$ cat my_file00.txt   # compact mmCIF, C-alpha atoms
# COMPACT_ATOMS: atom_id res chain seq x y z
CA MET A 277 0.00 0.00 0.00
CA PRO A 278 1.50 3.40 -0.97
CA PRO A 279 2.16 5.87 1.83
CA ALA A 280 -0.57 8.44 2.46
CA PRO A 281 0.25 11.80 0.95
CA GLU A 282 1.21 14.43 3.47
CA ASP A 283 -1.22 17.22 4.08
CA PRO A 284 -0.15 20.33 2.20
CA PRO A 285 1.02 23.25 4.33
CA GLY A 286 -1.83 25.33 5.75
CA PHE A 287 -0.84 28.48 3.86
CA GLU A 288 -1.58 26.76 0.56
CA LEU A 289 -5.36 26.72 1.05
CA PRO A 290 -5.89 30.52 1.13
CA LEU A 291 -3.43 30.94 -1.74
CA LEU A 292 -5.28 28.38 -3.86
CA LEU A 293 -8.64 29.98 -3.04
CA PHE A 294 -7.27 33.40 -3.93
CA ALA A 295 -5.68 32.08 -7.14
CA GLY A 296 -9.02 30.56 -8.16
CA PHE A 297 -10.76 33.87 -7.44
CA ARG A 298 -8.08 35.80 -9.32
CA THR A 299 -8.31 33.45 -12.31
CA LEU A 300 -12.07 33.95 -12.55
CA ILE A 301 -11.82 37.74 -12.16
CA ASP A 302 -9.02 38.03 -14.74
CA GLU A 303 -11.02 35.93 -17.23
CA LEU A 304 -14.12 38.03 -16.50
CA HIS A 305 -12.29 41.27 -17.26
CA ALA A 306 -10.70 39.94 -20.41
CA GLU A 307 -14.18 39.02 -21.64
CA LEU A 308 -15.68 42.34 -20.50
CA ALA A 309 -12.99 44.14 -22.52
CA ARG A 310 -14.07 42.21 -25.62
CA CYS A 311 -17.71 43.10 -24.89
CA GLY A 312 -17.31 46.87 -24.79
CA HIS A 313 -15.99 47.44 -21.27
CA PRO A 314 -12.20 47.69 -21.77
CA ASP A 315 -11.65 50.04 -18.83
CA ALA A 316 -13.55 48.00 -16.24
CA ARG A 317 -11.42 46.96 -13.27
CA PRO A 318 -12.18 44.58 -10.39
CA VAL A 319 -12.63 47.45 -7.92
CA HIS A 320 -15.29 48.90 -10.23
CA GLY A 321 -17.43 45.78 -9.94
CA PHE A 322 -17.22 45.84 -6.14
CA ALA A 323 -18.08 49.55 -6.10
CA MET A 324 -21.04 49.06 -8.44
CA GLN A 325 -22.31 46.25 -6.21
CA ALA A 326 -21.94 48.60 -3.22
CA ILE A 327 -23.95 51.26 -5.06
CA GLY A 328 -26.69 48.75 -5.82
CA PRO A 329 -29.87 49.14 -7.85
CA ALA A 330 -31.35 51.84 -5.56
CA GLY A 331 -28.23 54.00 -5.57
CA ALA A 332 -26.19 55.16 -2.57
CA THR A 333 -24.37 58.17 -1.19
CA ALA A 334 -20.57 58.35 -1.27
CA SER A 335 -20.54 57.74 2.50
CA GLU A 336 -22.65 54.60 2.08
CA VAL A 337 -20.41 53.36 -0.73
CA GLY A 338 -17.34 53.95 1.43
CA ARG A 339 -18.88 52.11 4.37
CA ARG A 340 -19.92 49.16 2.19
CA LEU A 341 -16.47 48.96 0.59
CA GLY A 342 -14.66 49.40 3.89
CA VAL A 343 -12.86 52.53 2.68
CA SER A 344 -13.02 56.23 3.51
CA LYS A 345 -15.61 58.52 1.95
CA GLN A 346 -12.73 60.19 0.08
CA ALA A 347 -11.45 56.89 -1.34
CA ALA A 348 -14.99 55.95 -2.35
CA GLY A 349 -15.37 59.38 -3.96
CA LYS A 350 -12.27 58.80 -6.10
CA THR A 351 -13.63 55.45 -7.28
CA VAL A 352 -17.01 57.03 -7.99
CA ASP A 353 -15.30 59.84 -9.93
CA ARG A 354 -13.59 57.23 -12.11
CA LEU A 355 -16.83 55.29 -12.61
CA ALA A 356 -18.59 58.54 -13.60
CA ALA A 357 -15.81 59.40 -16.06
CA LEU A 358 -16.25 55.96 -17.63
CA GLY A 359 -20.02 56.43 -17.83
CA TYR A 360 -20.91 53.68 -15.36
CA VAL A 361 -22.54 55.92 -12.72
CA GLU A 362 -24.07 59.35 -12.37
CA ARG A 363 -24.62 61.69 -9.43
CA VAL A 364 -28.20 62.85 -8.97
CA ASP A 365 -30.13 64.80 -6.35
CA ASP A 366 -31.52 62.61 -3.57
CA PRO A 367 -35.32 62.87 -3.87
CA HIS A 368 -35.63 62.49 -0.06
CA ASP A 369 -32.91 64.95 1.00
CA ALA A 370 -31.96 67.94 -1.18
CA ARG A 371 -28.62 68.24 0.68
CA ARG A 372 -27.42 64.84 -0.52
CA LYS A 373 -26.31 63.45 -3.84
CA LEU A 374 -27.06 59.88 -4.79
CA ILE A 375 -24.80 57.82 -6.99
CA ARG A 376 -26.79 55.72 -9.44
CA LEU A 377 -25.83 53.17 -12.04
CA THR A 378 -26.30 54.30 -15.64
CA PRO A 379 -27.52 52.03 -18.43
CA HIS A 380 -23.82 51.48 -19.31
CA GLY A 381 -23.14 50.43 -15.71
CA LEU A 382 -26.14 48.11 -15.66
CA ASP A 383 -24.95 46.61 -18.95
CA MET A 384 -21.57 45.85 -17.40
CA LEU A 385 -23.18 44.16 -14.40
CA ASN A 386 -25.56 42.15 -16.61
CA GLN A 387 -22.71 41.08 -18.89
CA SER A 388 -20.62 40.17 -15.83
CA ALA A 389 -23.38 37.86 -14.58
CA GLU A 390 -23.61 36.15 -17.98
CA ILE A 391 -19.82 35.80 -18.20
CA PHE A 392 -19.64 34.33 -14.68
CA ASP A 393 -22.21 31.72 -15.76
CA ARG A 394 -20.01 30.81 -18.73
CA LEU A 395 -16.88 30.69 -16.55
CA ARG A 396 -18.62 28.38 -14.10
CA ALA A 397 -19.66 26.19 -17.04
CA ARG A 398 -15.99 25.99 -18.08
CA TRP A 399 -15.07 24.81 -14.59
CA VAL A 400 -17.80 22.19 -14.86
CA GLU A 401 -16.31 21.04 -18.18
CA ARG A 402 -12.85 20.76 -16.62
CA LEU A 403 -13.72 19.39 -13.20
CA GLY A 404 -17.14 17.83 -13.68
CA ALA A 405 -20.48 19.01 -12.32
CA GLU A 406 -20.23 16.94 -9.14
CA ARG A 407 -16.82 18.36 -8.14
CA VAL A 408 -17.91 21.96 -8.79
CA ALA A 409 -21.12 21.44 -6.84
CA SER A 410 -19.12 19.83 -4.01
CA LEU A 411 -16.66 22.75 -4.00
CA GLU A 412 -19.50 25.27 -3.83
CA SER A 413 -21.28 23.30 -1.11
CA SER A 414 -18.09 22.97 0.93
CA LEU A 415 -17.39 26.69 0.69
CA ARG A 416 -20.96 27.51 1.75
CA THR A 417 -20.36 25.36 4.83
CA VAL A 418 -17.30 27.31 5.98
CA VAL A 419 -18.19 30.81 4.74
CA PRO A 420 -20.45 32.81 7.09
CA ALA A 421 -24.02 33.05 5.80
CA THR A 422 -24.07 36.85 6.13
CA GLY A 423 -24.08 37.46 2.39
CA PHE A 424 -21.27 38.21 0.01
CA PRO A 425 -19.05 41.05 1.21
CA VAL A 426 -18.14 43.80 -1.22
CA ASP A 427 -15.57 45.34 1.12
CA VAL A 428 -12.63 43.60 -0.55
CA PRO A 429 -10.96 46.88 -1.59
CA GLY A 430 -10.90 48.10 2.00
CA TRP A 431 -10.10 44.69 3.41
CA PHE A 432 -7.04 44.34 1.20
CA GLY A 433 -6.21 47.95 2.15
$ encode --input "my_file00.txt" --output "structure tokens"
Amino acid sequence: MPPAPEDPPGFELPLLLFAGFRTLIDELHAELARCGHPDARPVHGFAMQAIGPAGATASEVGRRLGVSKQAAGKTVDRLAALGYVERVDDPHDARRKLIRLTPHGLDMLNQSAEIFDRLRARWVERLGAERVASLESSLRTVVPATGFPVDVPGWFG
């Protein structure tokens, strides 16, 4: 009987998880570039998720991203320059500005969702449906059920 393989070092697990994440995100952005969003960056997707369908203030975006209001403002400025968001008067408070997704921003998010479905399908082709489902199920078991955080930019700091 062959000897049991040694467990890999503990640091390898987070690196493999990050490498898998990075691979998917890099493939997403390569495809987005081909689909009319060549300037989209990973931080833009997180920021647009933080803005959400109802819009948000710069302070809310900063809080959701885990960054300062000023850092969020810089990201929002870039998104506005690219045509992904717009600043509008808050209908409930004339002193505030809301950041809202534009049709171009919504298009990027919709295309991202479709691309992620195709990327997952590629993983299924390579690994098999059962292994991908098992991977997803296992991750759901160890990841807190509090939703998907969008504060990665601030967390990486």
$ closest_residue --input "my_file00.txt" --among "A:Leu341, A:Glu390, A:Ser414, A:Thr333" --to "A:Arg371" --atoms "all atoms listed in the file"
A:Thr333
$ closest_atom_pairs --input "my_file00.txt" --of "stretch 283-395 of chain A" --to "stretch 399-402 of chain A" --cutoff "12 Å" --atoms "all atoms listed in the file" --output "Markdown table"
| residue | atom | partner | partner_atom | distance |
| --- | --- | --- | --- | --- |
| A:Gly296 | CA | A:Trp399 | CA | 10.5 |
| A:Thr299 | CA | A:Trp399 | CA | 11.2 |
| A:Leu300 | CA | A:Trp399 | CA | 9.8 |
| A:Phe392 | CA | A:Trp399 | CA | 10.6 |
| A:Asp393 | CA | A:Trp399 | CA | 10.0 |
| A:Arg394 | CA | A:Trp399 | CA | 8.8 |
| A:Leu395 | CA | A:Trp399 | CA | 6.5 |
$ atom_distance --input "my_file00.txt" --atom1 "atom CA of A:Val319" --atom2 "atom CA of A:Ser388"
13.4 Å
$ closest_residue --input "my_file00.txt" --among "A:Phe297, A:Gln346, A:Glu282, A:Arg416" --to "A:Arg396" --atoms "only C-alpha atoms"
A:Phe297
$ residues_around --input "my_file00.txt" --residues "A:Ala323" --least-positions-apart "2" --cutoff "8 Å" --atoms "all atoms listed in the file" --output "ChimeraX atom specification"
/A:319-321,325-327,337,341,351-352,426
